[in-house]
Amino acid sequence: MRQLLDEAADAGYAVGAFNVSNMEQVQAVMEAARATDSPVILAVSRAARAYSNDRFLVHLVRAAVELYPDLPVSLHQDHGNSPETCLSAIELGFTSVMMDGSLAEDGKTPTDFEHNVAVTRTAVEQAHAAGVTVEGELGRIGGIEDGHGSGRAHLTDPDQAVEFVERTGIDALAVAIGTSHGAYKFSEPPTGDVLAMDVVERIHDRLPDVHLVLHGASSVPEQLVDRINEFGGEIRPTWGVPVEELRRGIRHGVRKINVETDARLAATGALRHFFHERRADFEPRAYLGAARDAMRAVYVERMTQFGQAGHAHDYEPISLGQMRDRYRG
Ligand SMILES: [Zn+2]
């Protein structure tokens, strides 16, 4: 993933990291990437690994690499809770891991700075020896998703970020600026005051070579929520992160933007609509196909908004062995 983010930094865009846990999601991301000529980050949470017994997912991603040989693809462990989890991902063939030491191994309890440095440093040593990229997290992102999260946000301190990067050697840093995981991010449209984009700017000024990552960055478009509710859903009014704010982040070092909720909303709306309209249908390929189409549309839109569209062929992907040598050097 390091190479994808380096290239994104050179050309001034961000790459969406899309969470996948089944075949339709992997296909939807890959088709969107082909349609927009985009590099790809497929993110897999611990919950997704458990759901798919991870080997199924890893082989789906292998199939994607075979079928789309000209697109750069990174397989990323999202929110690894321990160096052991990261190592098991590396052994499965992931090319990037997130070591989230901002929370304890239970994925819920906030930890102190020294704990975070220690586990992240361990993960970096293991990963870089295999040529694998590491994302760390400092501060805490709000919300809870897939059982992960303390439910309380805590903004990243720029001074501490400098020390954290120096002591851990991470490639990318997830920063907490007031975003949260899940669909319920803000109870009113967020303004520049709600999101601490100035924190992104201050960290980027001090750490220009570290790629910044935004989590919980779904936009939660009103029409996706409305579609679910129109066909029997009960999603409360909610607002996500406006794309203009994400663009401001991209101008200041944000190179990876995690989006999961928007695709979940799109799939759910498509399924509710399908079952409402086609009451005699019972063919999983038909309704899962409809969900896949809806997710693909979201991915195409985000890839275009993040600026990654058109950049899949800017460079030749390098191997993990070459990355390992680069980390050693
Ligand atoms: Zn996250």
# chains A, B, ... in the order shown; residues from 1 in each chain; ligands from 1

call {"tool": "closest_atom_pairs", "arguments": {"of": "chain A", "to": "ligand 1", "cutoff": "12 Å", "atoms": "only C-alpha atoms and all ligand atoms", "output": "Markdown table"}}
result
| residue | atom | partner | partner_atom_place_in_ligand_line | distance |
| --- | --- | --- | --- | --- |
| A:Ala17 | CA | ligand 1 | 1 (Zn) | 10.0 |
| A:Phe18 | CA | ligand 1 | 1 (Zn) | 10.7 |
| A:Asn19 | CA | ligand 1 | 1 (Zn) | 9.7 |
| A:Ala43 | CA | ligand 1 | 1 (Zn) | 9.8 |
| A:Val44 | CA | ligand 1 | 1 (Zn) | 10.5 |
| A:Ser45 | CA | ligand 1 | 1 (Zn) | 8.8 |
| A:Arg46 | CA | ligand 1 | 1 (Zn) | 11.3 |
| A:His76 | CA | ligand 1 | 1 (Zn) | 11.8 |
| A:Gln77 | CA | ligand 1 | 1 (Zn) | 10.5 |
| A:Asp78 | CA | ligand 1 | 1 (Zn) | 6.8 |
| A:His79 | CA | ligand 1 | 1 (Zn) | 6.3 |
| A:Gly80 | CA | ligand 1 | 1 (Zn) | 10.0 |
| A:Asn81 | CA | ligand 1 | 1 (Zn) | 11.7 |
| A:Met98 | CA | ligand 1 | 1 (Zn) | 9.3 |
| A:Met99 | CA | ligand 1 | 1 (Zn) | 11.0 |
| A:Asp100 | CA | ligand 1 | 1 (Zn) | 9.0 |
| A:Ser102 | CA | ligand 1 | 1 (Zn) | 11.4 |
| A:Leu103 | CA | ligand 1 | 1 (Zn) | 11.8 |
| A:Gly107 | CA | ligand 1 | 1 (Zn) | 11.2 |
| A:Glu135 | CA | ligand 1 | 1 (Zn) | 11.0 |
| A:Gly136 | CA | ligand 1 | 1 (Zn) | 10.9 |
| A:Glu137 | CA | ligand 1 | 1 (Zn) | 9.3 |
| A:Leu138 | CA | ligand 1 | 1 (Zn) | 11.9 |
| A:Arg140 | CA | ligand 1 | 1 (Zn) | 9.8 |
| A:Ile141 | CA | ligand 1 | 1 (Zn) | 7.3 |
| A:Gly142 | CA | ligand 1 | 1 (Zn) | 9.3 |
| A:Gly143 | CA | ligand 1 | 1 (Zn) | 9.4 |
| A:Ile144 | CA | ligand 1 | 1 (Zn) | 9.1 |
| A:Glu145 | CA | ligand 1 | 1 (Zn) | 8.1 |
| A:Asp146 | CA | ligand 1 | 1 (Zn) | 10.0 |
| A:Gly147 | CA | ligand 1 | 1 (Zn) | 11.3 |
| A:His148 | CA | ligand 1 | 1 (Zn) | 8.4 |
| A:Gly149 | CA | ligand 1 | 1 (Zn) | 8.6 |
| A:Ser150 | CA | ligand 1 | 1 (Zn) | 11.8 |
| A:Leu173 | CA | ligand 1 | 1 (Zn) | 11.6 |
| A:Ala174 | CA | ligand 1 | 1 (Zn) | 8.3 |
| A:Val175 | CA | ligand 1 | 1 (Zn) | 10.1 |
| A:Ala176 | CA | ligand 1 | 1 (Zn) | 10.0 |
| A:Thr179 | CA | ligand 1 | 1 (Zn) | 9.7 |
| A:Ser180 | CA | ligand 1 | 1 (Zn) | 8.1 |
| A:His181 | CA | ligand 1 | 1 (Zn) | 6.3 |
| A:Gly182 | CA | ligand 1 | 1 (Zn) | 9.3 |
| A:Val213 | CA | ligand 1 | 1 (Zn) | 9.3 |
| A:Leu214 | CA | ligand 1 | 1 (Zn) | 7.9 |
| A:His215 | CA | ligand 1 | 1 (Zn) | 4.6 |
| A:Gly216 | CA | ligand 1 | 1 (Zn) | 5.9 |
| A:Ala217 | CA | ligand 1 | 1 (Zn) | 8.9 |
| A:Ser218 | CA | ligand 1 | 1 (Zn) | 10.8 |
| A:Lys256 | CA | ligand 1 | 1 (Zn) | 11.2 |
| A:Ile257 | CA | ligand 1 | 1 (Zn) | 9.6 |
| A:Asn258 | CA | ligand 1 | 1 (Zn) | 6.8 |
| A:Val259 | CA | ligand 1 | 1 (Zn) | 8.8 |
| A:Glu260 | CA | ligand 1 | 1 (Zn) | 9.0 |
| A:Thr261 | CA | ligand 1 | 1 (Zn) | 10.9 |

call {"tool": "residues_around", "arguments": {"residues": "Arg55 in chain A", "least_positions_apart": "6", "cutoff": "12 Å", "atoms": "only C-alpha atoms", "output": "list in words"}}
result
Ser21, Asn22, Val44, Ala48, Arg49, Val61, Arg62, Ser88, Ala89, Glu91, Leu92, Gly93 and Phe94 of chain A

call {"tool": "closest_residue", "arguments": {"among": "A:Asp226, A:Glu244, A:Glu234, A:Glu163", "to": "Leu195 in chain A", "atoms": "only C-alpha atoms"}}
result
A:Glu244

call {"tool": "residues_around", "arguments": {"residues": "range 313-324 of chain A", "least_positions_apart": "3", "cutoff": "7 Å", "atoms": "only C-alpha atoms", "output": "list of chain:residue names"}}
result
A:Pro72, A:His128, A:Ala129, A:Ala130, A:Gly131, A:Val132, A:Tyr327, A:Arg328

call {"tool": "write_last_selection", "arguments": {"atoms": "C-alpha atoms", "output": "mmCIF file, in the first residue's frame"}}
result
data_model
loop_
_atom_site.group_PDB
_atom_site.id
_atom_site.type_symbol
_atom_site.label_atom_id
_atom_site.label_comp_id
_atom_site.auth_asym_id
_atom_site.auth_seq_id
_atom_site.Cartn_x
_atom_site.Cartn_y
_atom_site.Cartn_z
ATOM 1 C CA PRO A 72 -2.675 -1.910 -8.549
ATOM 2 C CA HIS A 128 8.519 -4.036 7.196
ATOM 3 C CA ALA A 129 10.606 -7.230 7.358
ATOM 4 C CA ALA A 130 8.024 -8.641 4.934
ATOM 5 C CA GLY A 131 7.741 -5.501 2.822
ATOM 6 C CA VAL A 132 4.277 -4.775 4.232
ATOM 7 C CA TYR A 327 12.603 -0.620 4.183
ATOM 8 C CA ARG A 328 15.964 -2.263 4.957
#

call {"tool": "residues_around", "arguments": {"residues": "Ile170 in chain A", "least_positions_apart": "2", "cutoff": "8 Å", "atoms": "only C-alpha atoms", "output": "ChimeraX atom specification"}}
result
/A:120-121,124,133-136,165,168,172-173,210

call {"tool": "write_last_selection", "arguments": {"atoms": "C-alpha atoms", "output": "short mmCIF file (atom, residue, chain, number, x, y, z; two decimals), in the first residue's frame"}}
result
data_model
loop_
_atom_site.label_atom_id
_atom_site.label_comp_id
_atom_site.auth_asym_id
_atom_site.auth_seq_id
_atom_site.Cartn_x
_atom_site.Cartn_y
_atom_site.Cartn_z
CA THR A 120 2.81 -0.27 16.85
CA ARG A 121 6.62 -0.47 16.86
CA VAL A 124 6.20 -2.19 12.11
CA THR A 133 2.97 -1.26 4.94
CA VAL A 134 1.79 -0.18 8.41
CA GLU A 135 -0.86 2.33 9.37
CA GLY A 136 -1.02 3.43 13.01
CA VAL A 165 5.84 8.61 13.98
CA THR A 168 7.23 3.73 15.53
CA ALA A 172 0.58 6.08 7.42
CA LEU A 173 -1.20 7.68 10.35
CA VAL A 210 3.61 10.57 6.48
#

call {"tool": "residues_around", "arguments": {"residues": "Ile177 in chain A", "least_positions_apart": "6", "cutoff": "8 Å", "atoms": "only C-alpha atoms", "output": "ChimeraX atom specification"}}
result
/A:141,154-156,195-197,199-200

call {"tool": "write_last_selection", "arguments": {"atoms": "N, CA and C atoms", "output": "mmCIF file, in the first residue's frame"}}
result
data_model
loop_
_atom_site.group_PDB
_atom_site.id
_atom_site.type_symbol
_atom_site.label_atom_id
_atom_site.label_comp_id
_atom_site.auth_asym_id
_atom_site.auth_seq_id
_atom_site.Cartn_x
_atom_site.Cartn_y
_atom_site.Cartn_z
ATOM 1 N N ILE A 141 -10.931 7.653 17.138
ATOM 2 C CA ILE A 141 -12.063 7.927 16.265
ATOM 3 C C ILE A 141 -13.329 7.529 17.020
ATOM 4 N N HIS A 154 -11.372 11.296 20.605
ATOM 5 C CA HIS A 154 -10.315 12.067 21.243
ATOM 6 C C HIS A 154 -9.403 12.545 20.124
ATOM 7 N N LEU A 155 -9.330 13.849 19.925
ATOM 8 C CA LEU A 155 -8.589 14.374 18.780
ATOM 9 C C LEU A 155 -7.096 14.080 18.876
ATOM 10 N N THR A 156 -6.465 13.915 17.709
ATOM 11 C CA THR A 156 -5.025 13.675 17.660
ATOM 12 C C THR A 156 -4.272 14.959 18.003
ATOM 13 N N LEU A 195 -15.640 19.420 12.243
ATOM 14 C CA LEU A 195 -14.497 18.601 11.868
ATOM 15 C C LEU A 195 -13.229 19.426 12.065
ATOM 16 N N ALA A 196 -12.281 18.864 12.795
ATOM 17 C CA ALA A 196 -11.058 19.614 13.090
ATOM 18 C C ALA A 196 -10.059 19.446 11.952
ATOM 19 N N MET A 197 -10.412 19.986 10.757
ATOM 20 C CA MET A 197 -9.500 19.870 9.602
ATOM 21 C C MET A 197 -8.189 20.609 9.864
ATOM 22 N N VAL A 199 -6.459 20.335 12.408
ATOM 23 C CA VAL A 199 -5.537 19.348 12.999
ATOM 24 C C VAL A 199 -4.804 18.604 11.883
ATOM 25 N N VAL A 200 -5.537 18.257 10.816
ATOM 26 C CA VAL A 200 -4.913 17.611 9.647
ATOM 27 C C VAL A 200 -3.830 18.526 9.079
#

call {"tool": "closest_residue", "arguments": {"among": "A:Ala291, A:Gly139, A:Thr85, A:Ala127", "to": "Ala50 in chain A", "atoms": "only C-alpha atoms"}}
result
A:Thr85
